[in-house]
file structure.txt (compact mmCIF, N, CA and C atoms)
# COMPACT_ATOMS: atom_id res chain seq x y z
N MET A 1252 -187.97 16.01 31.53
CA MET A 1252 -187.85 16.12 32.98
C MET A 1252 -189.04 15.39 33.62
N THR A 1253 -188.78 14.69 34.68
CA THR A 1253 -189.84 13.97 35.37
C THR A 1253 -190.61 14.92 36.27
N ALA A 1254 -191.88 14.62 36.45
CA ALA A 1254 -192.72 15.44 37.32
C ALA A 1254 -192.31 15.23 38.77
N VAL A 1255 -192.42 16.28 39.55
CA VAL A 1255 -192.08 16.22 40.96
C VAL A 1255 -193.27 15.61 41.70
N ALA A 1256 -193.00 14.73 42.67
CA ALA A 1256 -194.07 14.12 43.45
C ALA A 1256 -194.78 15.20 44.25
N ARG A 1257 -196.09 15.00 44.49
CA ARG A 1257 -196.90 16.05 45.09
C ARG A 1257 -197.43 15.66 46.47
N LEU A 1258 -197.57 16.66 47.32
CA LEU A 1258 -198.31 16.53 48.58
C LEU A 1258 -199.75 16.93 48.26
N LYS A 1259 -200.71 16.13 48.69
CA LYS A 1259 -202.09 16.46 48.35
C LYS A 1259 -203.03 16.45 49.56
N ARG A 1260 -202.69 15.70 50.59
CA ARG A 1260 -203.60 15.57 51.73
C ARG A 1260 -203.24 16.56 52.82
N ARG A 1261 -204.23 17.07 53.51
CA ARG A 1261 -204.03 18.06 54.57
C ARG A 1261 -203.03 17.62 55.63
N PRO A 1262 -203.08 16.37 56.12
CA PRO A 1262 -202.09 15.96 57.13
C PRO A 1262 -200.65 16.08 56.64
N GLU A 1263 -200.42 15.88 55.35
CA GLU A 1263 -199.07 16.03 54.82
C GLU A 1263 -198.61 17.49 54.91
N PHE A 1264 -199.51 18.43 54.59
CA PHE A 1264 -199.19 19.85 54.69
C PHE A 1264 -198.95 20.24 56.14
N LEU A 1265 -199.77 19.73 57.05
CA LEU A 1265 -199.62 20.05 58.47
C LEU A 1265 -198.32 19.50 59.04
N ALA A 1266 -197.90 18.33 58.56
CA ALA A 1266 -196.64 17.75 59.04
C ALA A 1266 -195.46 18.62 58.63
N VAL A 1267 -195.51 19.19 57.45
CA VAL A 1267 -194.43 20.08 57.00
C VAL A 1267 -194.45 21.36 57.83
N ALA A 1268 -195.63 21.92 58.06
CA ALA A 1268 -195.73 23.16 58.84
C ALA A 1268 -195.27 22.95 60.27
N ALA A 1269 -195.48 21.76 60.82
CA ALA A 1269 -195.12 21.48 62.20
C ALA A 1269 -193.61 21.51 62.42
N GLN A 1270 -192.82 21.29 61.38
CA GLN A 1270 -191.35 21.33 61.50
C GLN A 1270 -190.83 22.74 61.73
N ARG A 1271 -191.62 23.74 61.38
CA ARG A 1271 -191.28 25.16 61.57
C ARG A 1271 -189.98 25.56 60.90
N ARG A 1272 -189.66 24.93 59.80
CA ARG A 1272 -188.50 25.33 58.99
C ARG A 1272 -189.06 26.04 57.78
N ARG A 1273 -188.85 27.36 57.71
CA ARG A 1273 -189.41 28.10 56.59
C ARG A 1273 -188.54 29.29 56.25
N TRP A 1274 -188.74 29.78 55.04
CA TRP A 1274 -188.05 30.97 54.58
C TRP A 1274 -189.06 31.81 53.81
N VAL A 1275 -189.10 33.10 54.16
CA VAL A 1275 -190.02 34.03 53.51
C VAL A 1275 -189.23 34.85 52.51
N ALA A 1276 -189.67 34.83 51.27
CA ALA A 1276 -189.09 35.63 50.20
C ALA A 1276 -190.18 36.54 49.64
N PRO A 1277 -189.82 37.55 48.88
CA PRO A 1277 -190.86 38.45 48.36
C PRO A 1277 -191.93 37.75 47.54
N GLY A 1278 -191.56 36.73 46.77
CA GLY A 1278 -192.53 36.08 45.89
C GLY A 1278 -193.17 34.82 46.43
N LEU A 1279 -192.67 34.29 47.55
CA LEU A 1279 -193.20 33.02 48.05
C LEU A 1279 -192.74 32.78 49.47
N ILE A 1280 -193.36 31.79 50.09
CA ILE A 1280 -192.91 31.28 51.39
C ILE A 1280 -192.64 29.80 51.19
N LEU A 1281 -191.48 29.34 51.63
CA LEU A 1281 -191.12 27.93 51.52
C LEU A 1281 -191.09 27.31 52.91
N GLN A 1282 -191.78 26.19 53.07
CA GLN A 1282 -191.70 25.39 54.29
C GLN A 1282 -191.05 24.06 53.91
N ALA A 1283 -190.24 23.51 54.79
CA ALA A 1283 -189.54 22.26 54.49
C ALA A 1283 -189.56 21.35 55.71
N ALA A 1284 -189.60 20.06 55.44
CA ALA A 1284 -189.56 19.06 56.52
C ALA A 1284 -188.88 17.80 56.00
N ARG A 1285 -187.99 17.26 56.82
CA ARG A 1285 -187.38 15.97 56.48
C ARG A 1285 -188.38 14.88 56.83
N ARG A 1286 -188.54 13.93 55.92
CA ARG A 1286 -189.41 12.79 56.19
C ARG A 1286 -188.71 11.84 57.14
N PRO A 1287 -189.47 11.09 57.93
CA PRO A 1287 -188.84 10.12 58.85
C PRO A 1287 -188.04 9.08 58.07
N GLU A 1288 -186.98 8.61 58.70
CA GLU A 1288 -186.11 7.62 58.06
C GLU A 1288 -186.86 6.32 57.73
N ASP A 1289 -187.86 5.99 58.53
CA ASP A 1289 -188.59 4.74 58.31
C ASP A 1289 -189.74 4.89 57.32
N SER A 1290 -189.80 6.01 56.63
CA SER A 1290 -190.86 6.26 55.65
C SER A 1290 -190.72 5.29 54.49
N ASP A 1291 -191.85 4.76 54.02
CA ASP A 1291 -191.82 3.83 52.90
C ASP A 1291 -191.95 4.55 51.55
N LEU A 1292 -191.91 5.88 51.58
CA LEU A 1292 -192.00 6.66 50.35
C LEU A 1292 -190.65 6.70 49.65
N PRO A 1293 -190.64 6.88 48.31
CA PRO A 1293 -189.35 7.02 47.62
C PRO A 1293 -188.61 8.26 48.11
N PRO A 1294 -187.29 8.27 48.03
CA PRO A 1294 -186.51 9.37 48.60
C PRO A 1294 -186.65 10.70 47.84
N ALA A 1295 -187.20 10.70 46.65
CA ALA A 1295 -187.32 11.94 45.86
C ALA A 1295 -188.11 12.99 46.64
N PRO A 1296 -187.73 14.27 46.50
CA PRO A 1296 -188.48 15.32 47.21
C PRO A 1296 -189.92 15.42 46.72
N ARG A 1297 -190.81 15.79 47.64
CA ARG A 1297 -192.21 16.00 47.29
C ARG A 1297 -192.56 17.46 47.56
N ILE A 1298 -193.57 17.97 46.86
CA ILE A 1298 -193.92 19.38 47.03
C ILE A 1298 -195.43 19.57 46.99
N GLY A 1299 -195.89 20.55 47.77
CA GLY A 1299 -197.29 20.94 47.77
C GLY A 1299 -197.39 22.45 47.57
N PHE A 1300 -198.53 22.89 47.09
CA PHE A 1300 -198.74 24.30 46.79
C PHE A 1300 -200.01 24.78 47.46
N THR A 1301 -199.99 26.01 47.96
CA THR A 1301 -201.19 26.57 48.56
C THR A 1301 -201.20 28.08 48.36
N ALA A 1302 -202.41 28.63 48.31
CA ALA A 1302 -202.59 30.07 48.18
C ALA A 1302 -203.85 30.43 48.97
N SER A 1303 -203.72 31.35 49.91
CA SER A 1303 -204.87 31.74 50.71
C SER A 1303 -205.68 32.82 50.00
N ARG A 1304 -206.80 33.18 50.58
CA ARG A 1304 -207.64 34.21 49.98
C ARG A 1304 -206.98 35.58 49.99
N LYS A 1305 -205.92 35.74 50.80
CA LYS A 1305 -205.19 37.00 50.80
C LYS A 1305 -204.58 37.30 49.42
N VAL A 1306 -204.30 36.24 48.66
CA VAL A 1306 -203.71 36.41 47.34
C VAL A 1306 -204.72 37.03 46.37
N GLY A 1307 -205.99 36.69 46.54
CA GLY A 1307 -207.01 37.25 45.65
C GLY A 1307 -208.14 36.27 45.42
N ILE A 1308 -208.91 36.55 44.36
CA ILE A 1308 -210.04 35.69 44.02
C ILE A 1308 -209.51 34.36 43.48
N ALA A 1309 -210.41 33.42 43.23
CA ALA A 1309 -210.01 32.07 42.83
C ALA A 1309 -209.13 32.07 41.59
N VAL A 1310 -209.43 32.91 40.63
CA VAL A 1310 -208.62 32.97 39.41
C VAL A 1310 -207.19 33.36 39.74
N ALA A 1311 -207.02 34.34 40.61
CA ALA A 1311 -205.67 34.80 41.01
C ALA A 1311 -204.95 33.71 41.80
N ARG A 1312 -205.65 33.04 42.71
CA ARG A 1312 -205.02 31.97 43.50
C ARG A 1312 -204.55 30.83 42.59
N ASN A 1313 -205.38 30.46 41.63
CA ASN A 1313 -205.00 29.39 40.70
C ASN A 1313 -203.80 29.79 39.86
N ARG A 1314 -203.77 31.05 39.40
CA ARG A 1314 -202.64 31.53 38.62
C ARG A 1314 -201.36 31.52 39.46
N ALA A 1315 -201.48 31.93 40.71
CA ALA A 1315 -200.32 31.93 41.61
C ALA A 1315 -199.80 30.51 41.81
N ARG A 1316 -200.68 29.56 42.02
CA ARG A 1316 -200.26 28.16 42.19
C ARG A 1316 -199.60 27.63 40.91
N ARG A 1317 -200.14 27.99 39.75
CA ARG A 1317 -199.53 27.55 38.49
C ARG A 1317 -198.12 28.11 38.35
N ARG A 1318 -197.92 29.37 38.71
CA ARG A 1318 -196.59 29.98 38.62
C ARG A 1318 -195.62 29.28 39.59
N LEU A 1319 -196.09 28.98 40.79
CA LEU A 1319 -195.25 28.27 41.76
C LEU A 1319 -194.91 26.87 41.27
N ARG A 1320 -195.88 26.21 40.65
CA ARG A 1320 -195.65 24.87 40.14
C ARG A 1320 -194.58 24.88 39.04
N GLU A 1321 -194.64 25.85 38.14
CA GLU A 1321 -193.63 25.96 37.08
C GLU A 1321 -192.25 26.24 37.67
N ALA A 1322 -192.21 27.12 38.65
CA ALA A 1322 -190.92 27.44 39.30
C ALA A 1322 -190.36 26.20 39.98
N ALA A 1323 -191.21 25.46 40.67
CA ALA A 1323 -190.75 24.26 41.37
C ALA A 1323 -190.25 23.21 40.40
N GLU A 1324 -190.92 23.06 39.27
CA GLU A 1324 -190.48 22.06 38.29
C GLU A 1324 -189.14 22.44 37.68
N ALA A 1325 -188.84 23.74 37.64
CA ALA A 1325 -187.56 24.18 37.10
C ALA A 1325 -186.43 24.07 38.12
N VAL A 1326 -186.71 24.32 39.39
CA VAL A 1326 -185.66 24.43 40.40
C VAL A 1326 -185.50 23.17 41.25
N LEU A 1327 -186.60 22.55 41.63
CA LEU A 1327 -186.54 21.46 42.61
C LEU A 1327 -185.71 20.25 42.17
N PRO A 1328 -185.76 19.82 40.91
CA PRO A 1328 -184.94 18.64 40.56
C PRO A 1328 -183.45 18.83 40.82
N LYS A 1329 -182.94 20.06 40.71
CA LYS A 1329 -181.50 20.25 40.94
C LYS A 1329 -181.18 20.79 42.33
N ALA A 1330 -182.11 21.49 42.97
CA ALA A 1330 -181.82 22.12 44.26
C ALA A 1330 -182.53 21.46 45.44
N GLY A 1331 -183.53 20.63 45.18
CA GLY A 1331 -184.24 19.95 46.26
C GLY A 1331 -183.41 18.81 46.82
N ARG A 1332 -183.66 18.49 48.07
CA ARG A 1332 -182.91 17.40 48.72
C ARG A 1332 -183.78 16.15 48.80
N PRO A 1333 -183.18 14.98 48.59
CA PRO A 1333 -183.93 13.73 48.75
C PRO A 1333 -184.41 13.59 50.20
N GLY A 1334 -185.57 13.02 50.37
CA GLY A 1334 -186.10 12.78 51.71
C GLY A 1334 -186.76 13.99 52.34
N PHE A 1335 -186.97 15.06 51.58
CA PHE A 1335 -187.62 16.25 52.11
C PHE A 1335 -188.97 16.47 51.46
N ASP A 1336 -189.88 17.04 52.22
CA ASP A 1336 -191.17 17.52 51.72
C ASP A 1336 -191.14 19.04 51.78
N TYR A 1337 -191.67 19.68 50.75
CA TYR A 1337 -191.70 21.14 50.68
C TYR A 1337 -193.12 21.61 50.45
N VAL A 1338 -193.45 22.77 51.01
CA VAL A 1338 -194.72 23.44 50.72
C VAL A 1338 -194.39 24.85 50.27
N LEU A 1339 -194.91 25.22 49.11
CA LEU A 1339 -194.76 26.58 48.60
C LEU A 1339 -196.07 27.32 48.82
N ILE A 1340 -195.99 28.45 49.49
CA ILE A 1340 -197.17 29.25 49.79
C ILE A 1340 -197.08 30.53 48.96
N ALA A 1341 -198.15 30.81 48.22
CA ALA A 1341 -198.19 32.00 47.39
C ALA A 1341 -198.37 33.25 48.25
N ARG A 1342 -197.79 34.34 47.79
CA ARG A 1342 -197.96 35.64 48.43
C ARG A 1342 -198.56 36.58 47.38
N GLY A 1343 -198.93 37.77 47.81
CA GLY A 1343 -199.50 38.75 46.89
C GLY A 1343 -198.58 39.04 45.71
N GLU A 1344 -197.28 39.09 45.96
CA GLU A 1344 -196.32 39.38 44.90
C GLU A 1344 -196.06 38.21 43.96
N THR A 1345 -196.55 37.03 44.28
CA THR A 1345 -196.33 35.88 43.41
C THR A 1345 -196.89 36.15 42.02
N LEU A 1346 -197.98 36.89 41.96
CA LEU A 1346 -198.64 37.17 40.68
C LEU A 1346 -197.90 38.20 39.84
N THR A 1347 -197.27 39.18 40.47
CA THR A 1347 -196.68 40.29 39.73
C THR A 1347 -195.17 40.19 39.60
N ARG A 1348 -194.54 39.35 40.37
CA ARG A 1348 -193.08 39.23 40.35
C ARG A 1348 -192.64 38.59 39.04
N GLY A 1349 -191.54 39.06 38.48
CA GLY A 1349 -191.00 38.46 37.26
C GLY A 1349 -190.64 37.00 37.51
N PHE A 1350 -190.77 36.18 36.46
CA PHE A 1350 -190.55 34.75 36.65
C PHE A 1350 -189.11 34.46 37.04
N ALA A 1351 -188.16 35.18 36.47
CA ALA A 1351 -186.74 34.97 36.84
C ALA A 1351 -186.54 35.30 38.32
N ASP A 1352 -187.21 36.35 38.81
CA ASP A 1352 -187.11 36.69 40.23
C ASP A 1352 -187.75 35.63 41.10
N LEU A 1353 -188.86 35.06 40.63
CA LEU A 1353 -189.53 33.99 41.37
C LEU A 1353 -188.62 32.76 41.47
N LEU A 1354 -187.94 32.43 40.37
CA LEU A 1354 -186.98 31.32 40.40
C LEU A 1354 -185.85 31.60 41.38
N ALA A 1355 -185.35 32.83 41.37
CA ALA A 1355 -184.28 33.20 42.29
C ALA A 1355 -184.76 33.13 43.74
N ASP A 1356 -186.00 33.56 43.99
CA ASP A 1356 -186.57 33.47 45.34
C ASP A 1356 -186.60 32.02 45.82
N LEU A 1357 -187.03 31.12 44.95
CA LEU A 1357 -187.12 29.71 45.33
C LEU A 1357 -185.73 29.11 45.56
N GLU A 1358 -184.77 29.42 44.70
CA GLU A 1358 -183.41 28.91 44.89
C GLU A 1358 -182.82 29.42 46.20
N THR A 1359 -183.01 30.70 46.48
CA THR A 1359 -182.50 31.27 47.73
C THR A 1359 -183.18 30.63 48.93
N ALA A 1360 -184.49 30.45 48.86
CA ALA A 1360 -185.24 29.86 49.96
C ALA A 1360 -184.75 28.44 50.24
N LEU A 1361 -184.54 27.66 49.20
CA LEU A 1361 -184.04 26.29 49.39
C LEU A 1361 -182.66 26.30 50.05
N ARG A 1362 -181.78 27.17 49.57
CA ARG A 1362 -180.44 27.26 50.19
C ARG A 1362 -180.55 27.64 51.65
N ARG A 1363 -181.36 28.64 51.97
CA ARG A 1363 -181.46 29.13 53.33
C ARG A 1363 -182.10 28.11 54.27
N VAL A 1364 -183.13 27.43 53.82
CA VAL A 1364 -183.79 26.42 54.67
C VAL A 1364 -182.82 25.31 55.02
N HIS A 1365 -182.01 24.89 54.04
CA HIS A 1365 -181.06 23.81 54.32
C HIS A 1365 -179.85 24.31 55.09
N ALA A 1366 -179.48 25.56 54.92
CA ALA A 1366 -178.37 26.13 55.69
C ALA A 1366 -178.74 26.26 57.16
N GLU A 1367 -179.98 26.64 57.44
CA GLU A 1367 -180.44 26.74 58.83
C GLU A 1367 -180.38 25.39 59.51
N ARG A 1368 -180.69 24.36 58.79
CA ARG A 1368 -180.67 23.02 59.35
C ARG A 1368 -179.26 22.61 59.74
N ARG A 1369 -178.29 22.95 58.91
CA ARG A 1369 -176.89 22.60 59.22
C ARG A 1369 -176.43 23.32 60.46
N LYS A 1370 -176.79 24.59 60.60
CA LYS A 1370 -176.39 25.36 61.78
C LYS A 1370 -176.98 24.74 63.04
N ALA A 1371 -178.25 24.36 62.98
CA ALA A 1371 -178.92 23.78 64.14
C ALA A 1371 -178.29 22.42 64.49
N GLY A 1372 -177.91 21.65 63.45
CA GLY A 1372 -177.31 20.35 63.70
C GLY A 1372 -175.90 20.46 64.23
N ALA A 1373 -175.17 21.51 63.86
CA ALA A 1373 -173.79 21.68 64.29
C ALA A 1373 -173.69 22.21 65.72
N ALA A 1374 -174.71 22.91 66.14
CA ALA A 1374 -174.66 23.52 67.49
C ALA A 1374 -174.94 22.54 68.58
call {"tool": "encode", "arguments": {"input": "structure.txt", "output": "structure tokens"}}
result
Amino acid sequence: MTAVARLKRRPEFLAVAAQRRRWVAPGLILQAARRPEDSDLPPAPRIGFTASRKVGIAVARNRARRRLREAAEAVLPKAGRPGFDYVLIARGETLTRGFADLLADLETALRRVHAERRKAGAA
């Protein structure tokens, strides 16, 4: 499996947050943004990870990001949409939630974020 492209710079994270398309699940928060059509980036989805101090000390935050990264590598290639940027935000439960539940949270979040977009576009 190929590695998923990553968001690394703060302006990229802020651009995703500015779209205000998000879904909150028990194990994570997903934010999504469509990239502009004139973007020179490849169409493959990109993803970024973040964990605030609310999650815990540095060791806990790093573990939460690693769990999110594994979940994204398993789910994003089949459920992510081309031309989208995603940000996964760790929550307190990211550390204790079963991995299968974390995968289900991410799959549900992706479905819901894209379903909301269709409703807004149809109205």
call {"tool": "atom_distance", "arguments": {"input": "structure.txt", "atom1": "atom CA of A:Arg1272", "atom2": "atom CA of A:Arg1362"}}
result
12.1 Å
call {"tool": "atom_distance", "arguments": {"input": "structure.txt", "atom1": "atom CA of A:Pro1328", "atom2": "atom N of A:Leu1265"}}
result
22.2 Å
call {"tool": "residues_around", "arguments": {"input": "structure.txt", "residues": "A:Pro1333", "least_positions_apart": "3", "cutoff": "7 Å", "atoms": "only C-alpha atoms", "output": "list of chain:residue names"}}
result
A:Pro1294, A:Ala1295, A:Pro1296
call {"tool": "residues_near_point", "arguments": {"input": "structure.txt", "point": "(-182.1, 27.4, 53.5)", "cutoff": "10 Å", "atoms": "only C-alpha atoms", "output": "PDB file with N, CA and C atoms, in the coordinates of the input"}}
result
ATOM      1  N   ARG A1272    -189.660  24.930  59.800  1.00  0.00           N
ATOM      2  CA  ARG A1272    -188.500  25.330  58.990  1.00  0.00           C
ATOM      3  C   ARG A1272    -189.060  26.040  57.780  1.00  0.00           C
ATOM      4  N   ARG A1273    -188.850  27.360  57.710  1.00  0.00           N
ATOM      5  CA  ARG A1273    -189.410  28.100  56.590  1.00  0.00           C
ATOM      6  C   ARG A1273    -188.540  29.290  56.250  1.00  0.00           C
ATOM      7  N   TRP A1274    -188.740  29.780  55.040  1.00  0.00           N
ATOM      8  CA  TRP A1274    -188.050  30.970  54.580  1.00  0.00           C
ATOM      9  C   TRP A1274    -189.060  31.810  53.810  1.00  0.00           C
ATOM     10  N   LEU A1281    -191.480  29.340  51.630  1.00  0.00           N
ATOM     11  CA  LEU A1281    -191.120  27.930  51.520  1.00  0.00           C
ATOM     12  C   LEU A1281    -191.090  27.310  52.910  1.00  0.00           C
ATOM     13  N   GLN A1282    -191.780  26.190  53.070  1.00  0.00           N
ATOM     14  CA  GLN A1282    -191.700  25.390  54.290  1.00  0.00           C
ATOM     15  C   GLN A1282    -191.050  24.060  53.910  1.00  0.00           C
ATOM     16  N   ALA A1283    -190.240  23.510  54.790  1.00  0.00           N
ATOM     17  CA  ALA A1283    -189.540  22.260  54.490  1.00  0.00           C
ATOM     18  C   ALA A1283    -189.560  21.350  55.710  1.00  0.00           C
ATOM     19  N   LEU A1357    -187.030  31.120  44.950  1.00  0.00           N
ATOM     20  CA  LEU A1357    -187.120  29.710  45.330  1.00  0.00           C
ATOM     21  C   LEU A1357    -185.730  29.110  45.560  1.00  0.00           C
ATOM     22  N   GLU A1358    -184.770  29.420  44.700  1.00  0.00           N
ATOM     23  CA  GLU A1358    -183.410  28.910  44.890  1.00  0.00           C
ATOM     24  C   GLU A1358    -182.820  29.420  46.200  1.00  0.00           C
ATOM     25  N   THR A1359    -183.010  30.700  46.480  1.00  0.00           N
ATOM     26  CA  THR A1359    -182.500  31.270  47.730  1.00  0.00           C
ATOM     27  C   THR A1359    -183.180  30.630  48.930  1.00  0.00           C
ATOM     28  N   ALA A1360    -184.490  30.450  48.860  1.00  0.00           N
ATOM     29  CA  ALA A1360    -185.240  29.860  49.960  1.00  0.00           C
ATOM     30  C   ALA A1360    -184.750  28.440  50.240  1.00  0.00           C
ATOM     31  N   LEU A1361    -184.540  27.660  49.200  1.00  0.00           N
ATOM     32  CA  LEU A1361    -184.040  26.290  49.390  1.00  0.00           C
ATOM     33  C   LEU A1361    -182.660  26.300  50.050  1.00  0.00           C
ATOM     34  N   ARG A1362    -181.780  27.170  49.570  1.00  0.00           N
ATOM     35  CA  ARG A1362    -180.440  27.260  50.190  1.00  0.00           C
ATOM     36  C   ARG A1362    -180.550  27.640  51.650  1.00  0.00           C
ATOM     37  N   ARG A1363    -181.360  28.640  51.970  1.00  0.00           N
ATOM     38  CA  ARG A1363    -181.460  29.130  53.330  1.00  0.00           C
ATOM     39  C   ARG A1363    -182.100  28.110  54.270  1.00  0.00           C
ATOM     40  N   VAL A1364    -183.130  27.430  53.820  1.00  0.00           N
ATOM     41  CA  VAL A1364    -183.790  26.420  54.670  1.00  0.00           C
ATOM     42  C   VAL A1364    -182.820  25.310  55.020  1.00  0.00           C
ATOM     43  N   HIS A1365    -182.010  24.890  54.040  1.00  0.00           N
ATOM     44  CA  HIS A1365    -181.060  23.810  54.320  1.00  0.00           C
ATOM     45  C   HIS A1365    -179.850  24.310  55.090  1.00  0.00           C
ATOM     46  N   ALA A1366    -179.480  25.560  54.920  1.00  0.00           N
ATOM     47  CA  ALA A1366    -178.370  26.130  55.690  1.00  0.00           C
ATOM     48  C   ALA A1366    -178.740  26.260  57.160  1.00  0.00           C
ATOM     49  N   GLU A1367    -179.980  26.640  57.440  1.00  0.00           N
ATOM     50  CA  GLU A1367    -180.440  26.740  58.830  1.00  0.00           C
ATOM     51  C   GLU A1367    -180.380  25.390  59.510  1.00  0.00           C
ATOM     52  N   ARG A1368    -180.690  24.360  58.790  1.00  0.00           N
ATOM     53  CA  ARG A1368    -180.670  23.020  59.350  1.00  0.00           C
ATOM     54  C   ARG A1368    -179.260  22.610  59.740  1.00  0.00           C
ATOM     55  N   ARG A1369    -178.290  22.950  58.910  1.00  0.00           N
ATOM     56  CA  ARG A1369    -176.890  22.600  59.220  1.00  0.00           C
ATOM     57  C   ARG A1369    -176.430  23.320  60.460  1.00  0.00           C
TER      58      ARG A1369
END
call {"tool": "residues_around", "arguments": {"input": "structure.txt", "residues": "A:Ala1269", "least_positions_apart": "5", "cutoff": "8 Å", "atoms": "only N, CA and C atoms", "output": "ChimeraX atom specification"}}
result
/A:1263-1264,1283-1284
call {"tool": "select_by_dssp", "arguments": {"input": "structure.txt", "residues": "chain A", "states": "strand (DSSP E)", "output": "PyMOL selection string"}}
result
chain A and resi 1256-1257+1272-1275+1279-1285+1297-1301+1335-1341
call {"tool": "select_by_dssp", "arguments": {"input": "structure.txt", "residues": "stretch 1263-1351 of chain A", "states": "alpha helix (DSSP H)", "output": "ChimeraX atom specification"}}
result
/A:1263-1269,1309-1330,1350-1351
call {"tool": "axis_aligned_box", "arguments": {"input": "structure.txt", "around": "stretch 1344-1352 of chain A", "padding_each_side": "4 Å", "output": "lines of an AutoDock Vina configuration file"}}
result
center_x = -192.6
center_y = 37.4
center_z = 41.2
size_x = 20.1
size_y = 13.8
size_z = 17.5
call {"tool": "residues_around", "arguments": {"input": "structure.txt", "residues": "stretch 1311-1315 of chain A", "least_positions_apart": "5", "cutoff": "12 Å", "atoms": "only C-alpha atoms", "output": "short mmCIF file (atom, residue, chain, number, x, y, z; two decimals) with N, CA and C atoms, in the frame of the given file"}}
result
data_model
loop_
_atom_site.label_atom_id
_atom_site.label_comp_id
_atom_site.auth_asym_id
_atom_site.auth_seq_id
_atom_site.Cartn_x
_atom_site.Cartn_y
_atom_site.Cartn_z
N GLY A 1278 -191.56 36.73 46.77
CA GLY A 1278 -192.53 36.08 45.89
C GLY A 1278 -193.17 34.82 46.43
N LEU A 1279 -192.67 34.29 47.55
CA LEU A 1279 -193.20 33.02 48.05
C LEU A 1279 -192.74 32.78 49.47
N PHE A 1300 -198.53 22.89 47.09
CA PHE A 1300 -198.74 24.30 46.79
C PHE A 1300 -200.01 24.78 47.46
N THR A 1301 -199.99 26.01 47.96
CA THR A 1301 -201.19 26.57 48.56
C THR A 1301 -201.20 28.08 48.36
N ALA A 1302 -202.41 28.63 48.31
CA ALA A 1302 -202.59 30.07 48.18
C ALA A 1302 -203.85 30.43 48.97
N SER A 1303 -203.72 31.35 49.91
CA SER A 1303 -204.87 31.74 50.71
C SER A 1303 -205.68 32.82 50.00
N ARG A 1304 -206.80 33.18 50.58
CA ARG A 1304 -207.64 34.21 49.98
C ARG A 1304 -206.98 35.58 49.99
N LYS A 1305 -205.92 35.74 50.80
CA LYS A 1305 -205.19 37.00 50.80
C LYS A 1305 -204.58 37.30 49.42
N VAL A 1306 -204.30 36.24 48.66
CA VAL A 1306 -203.71 36.41 47.34
C VAL A 1306 -204.72 37.03 46.37
N ARG A 1320 -195.88 26.21 40.65
CA ARG A 1320 -195.65 24.87 40.14
C ARG A 1320 -194.58 24.88 39.04
N GLU A 1321 -194.64 25.85 38.14
CA GLU A 1321 -193.63 25.96 37.08
C GLU A 1321 -192.25 26.24 37.67
N ALA A 1322 -192.21 27.12 38.65
CA ALA A 1322 -190.92 27.44 39.30
C ALA A 1322 -190.36 26.20 39.98
N LEU A 1339 -194.91 25.22 49.11
CA LEU A 1339 -194.76 26.58 48.60
C LEU A 1339 -196.07 27.32 48.82
N ILE A 1340 -195.99 28.45 49.49
CA ILE A 1340 -197.17 29.25 49.79
C ILE A 1340 -197.08 30.53 48.96
N ALA A 1341 -198.15 30.81 48.22
CA ALA A 1341 -198.19 32.00 47.39
C ALA A 1341 -198.37 33.25 48.25
N ARG A 1342 -197.79 34.34 47.79
CA ARG A 1342 -197.96 35.64 48.43
C ARG A 1342 -198.56 36.58 47.38
N GLY A 1343 -198.93 37.77 47.81
CA GLY A 1343 -199.50 38.75 46.89
C GLY A 1343 -198.58 39.04 45.71
N GLU A 1344 -197.28 39.09 45.96
CA GLU A 1344 -196.32 39.38 44.90
C GLU A 1344 -196.06 38.21 43.96
N THR A 1345 -196.55 37.03 44.28
CA THR A 1345 -196.33 35.88 43.41
C THR A 1345 -196.89 36.15 42.02
N LEU A 1346 -197.98 36.89 41.96
CA LEU A 1346 -198.64 37.17 40.68
C LEU A 1346 -197.90 38.20 39.84
N THR A 1347 -197.27 39.18 40.47
CA THR A 1347 -196.68 40.29 39.73
C THR A 1347 -195.17 40.19 39.60
N ARG A 1348 -194.54 39.35 40.37
CA ARG A 1348 -193.08 39.23 40.35
C ARG A 1348 -192.64 38.59 39.04
N PHE A 1350 -190.77 36.18 36.46
CA PHE A 1350 -190.55 34.75 36.65
C PHE A 1350 -189.11 34.46 37.04
N LEU A 1353 -188.86 35.06 40.63
CA LEU A 1353 -189.53 33.99 41.37
C LEU A 1353 -188.62 32.76 41.47
#
call {"tool": "atom_distance", "arguments": {"input": "structure.txt", "atom1": "atom CA of A:Ile1298", "atom2": "atom C of A:Arg1257"}}
result
5.1 Å
